[in-house]
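A short worksheet on the structure shown next.
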Amino acid sequence: MAAAISIEGVSKTYRLYHERNQSLKGAIMRRARVRYESFAALDDVSIEIPAGETFGLIGENGSGKSTLLKCIARILRPDAGTIRTEGKISALLELGAGFHPELSGRDNVYLNGAILGLSRKELNSRFDDIVGFAGLEHFIDTPVKNYSSGMYVRLGFSVAINVDPDILLVDEVLAVGDEEFQRRCSEKFAELKHSGKTVVIVSHALGSVRNLCDEVALLEHGKLIATGPSGEVIDGYLSDVHVDRVADGEYGSRWGSGEGKIDRVEILGANGAPATDIHTGDPFTIRLHYAMSESIPQPVFGVAIQTLEGFTVTGPNTRQAGAVPDQLSGTGHVDLRVDRLMLAPGIYDLSVSLYDYSCSHAFDFRHRTMRFDVERGNPVEEHGVMALGGSWEGAVESVHP
Ligand SMILES: Nc1ncnc2c1ncn2[C@@H]1O[C@H](COP(=O)(O)OP(=O)(O)OP(=O)(O)O)[C@@H](O)[C@H]1O
Ligand SMILES: [Mg+2]
């Protein structure tokens, strides 16, 4: 398949200025040299994106994803290397980029549409679709400075997809819209793909990237680390980040009255030793080490597992399980043992809590106290947040004897 986007040896260096007064004029006035440090946001990156593919760009904050997308959109010029693109490009790069805050949504649709190459007549005929997709009928004559960030993104995305691009570039907008809008975006991506358009998505929502993208490129400090089928690259990325993330230790917030505390949390694997790799389908134990400074009547231990987007996958506690002691004092541990961990591959955050029996008074709440990665295991299921573990029967049996 022909390449829609071909990136060859692209580097981009930013200058970081150290003068407090960053204006050139100020520097000249003071007859000082403008001091700066060069910083490579992209370092010799080469990627071929075939026409008709949905392609993901992933990597930690500051790894150069947005910079690369801006280079593809020709908003930034690389210092070295070339980028060739085939067809009309439409891009949704930053929150509200290209919107004029004082103008109404309606005027901004016309302004942006014109910038993206649509005539007034074409815009007239598409206007209702654009506003309808964004779901902003009631706000279309309001100045966009009064829009919420979700509304901005919806309108920007709606304009970007309605100009009939051959290539659509989208930077981290899926995270901003509400669930309903995210679903419509995903449907739209599927539709674009079906009609042979090329889509490049930058996102931290690895689950969505896994579902939507054929191929993924992983950037790290401006360098291309891996590129290939999305499942493989994401799994590789997850098994790498696992190590530093857990080593980071605590990063969440903590509150509670403190008469009883959860001092330490461990994730144990099959052999009862701290887990290093966790796979779908593995035995899995969360161990809560408690320390009570006084005797606590009917304490309730709980855990919650969330995705990075904040969706709570599950939140079991000892009260619902009917496992509440009359009193607890001193130190010890409580285990939540799971025979088979039915989480799909992805990154998850663990929160733990110690409550009174009414579950209204927190002795200790450790929000997002540990982050762990689940890698592909058995069952091999990679979409969504859980593995169903079902079996396929009927006509399919005859396919593989
Ligand atoms: N205009 C700029 N001037 C100087 N440095 C910049 C500029 N824009 C980006 N950078 C730096 O370049 C690096 C790459 O930034 P970029 O925005 O491409 O990262 P990213 O992968 O999109 O990150 P995120 O996931 O946070 O969106 C970062 O270290 C950033 O601080
Ligand atoms: Mg970015």
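Chain labels A, B, ... are given in the sequence in which chains occur in the structure tokens; within each chain residues are numbered consecutively from 1, and ligands are likewise numbered from 1 in the order shown.
Using only C-alpha atoms and all ligand atoms, residues with at least one atom at most 9 Å away from any atom of ligand 2 are Asn61, Gly62, Ser63, Gly64, Lys65, Ser66, Thr67, Leu69, Leu93, Glu94, Asp171, Glu172, Val202 and Ser203 of chain A.
Backbone DSSP over region 169-244 of chain A yields strand (DSSP E) at Leu169, Val170, Asp171, Thr198, Val199, Val200, Ile201, Val202, Glu215, Val216, Ala217, Leu218, Leu219, Glu220, Lys223, Leu224, Ile225, Ala226, Thr227, Gly228 and Pro229 of chain A.
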Subject >> Selection: 7 Å around Gly269 (chain A), only C-alpha atoms, excl. self and same-chain fewer than 3 positions, as a ChimeraX atom specification >> reply: /A:272-275,283-285
Original post:
Do you know which residues are at most 12 Å from Leu92 (chain A) counting only C-alpha atoms, after dropping those on the same chain fewer than 4 positions away, and could you put them as a PyMOL selection string?
Top reply: chain A and resi 66+69-70+73+75+96-99+112+116+152-163+165+167-174+199-202
Original post:
Which neighbours of Phe181 (chain A) fall inside 10 Å, counting only C-alpha atoms, when residues of the same chain fewer than 2 positions from it are skipped, and could you give them as number ranges by chain?
Top reply: A: 133-135, 150, 153-154, 174, 176-179, 183-187
Original post:
What lies within 7 Å of region 193-197 of chain A using only C-alpha atoms, ignoring chain neighbours under 5 positions off, as a list in words?
Top reply: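 That gives Ala51, Gly52, Glu53, Thr54, Asp166 and Ile167 of chain A.
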Original post:
Skipping near chain neighbours, those fewer than 2 positions away, what residues fall within 9 Å of region 216-228 of chain A using only C-alpha atoms, listed as a ChimeraX atom specification?
Top reply: /A:11-12,40-47,54-60,62-65,68,209-210,213-214,230-234,236-237
Original post:
In region 5-163 of chain A, what's alpha helix (DSSP H) per DSSP? Answer as a PyMOL selection string?
Top reply: chain A and resi 24-29+65-72+105-115+120-134+149-161
Original post:
What separation in Å, quoted to one decimal, exists between CA of Tyr290 (chain A) and CA of Met342 (chain A)?
Top reply: 26.5 Å
Original post:
In terms of the shortest atom-to-atom distance over only C-alpha atoms, which of A:Arg77, A:Arg371, A:Arg340, A:Arg366 is closest to Asp282 (chain A)?
Top reply: A:Arg340
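A straight line drawn from CA of Val385 (chain A) to CA of Phe301 (chain A) is 23.7 Å long.
What separates CA of Leu388 (chain A) from CA of Ile278 (chain A) is a distance of 17.2 Å.
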**OP:** Would you mind telling me which residue in A:Lys261, A:Arg287, A:His204, A:Lys88 lies nearest to ligand 1 when using only C-alpha atoms and all ligand atoms?
**Re:** A:His204
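For the residues A:Thr13, A:Ser6, A:Gln306, A:Asn108, ranking by smallest atom-to-atom distance to ligand 1 using only C-alpha atoms and all ligand atoms places A:Thr13 first.
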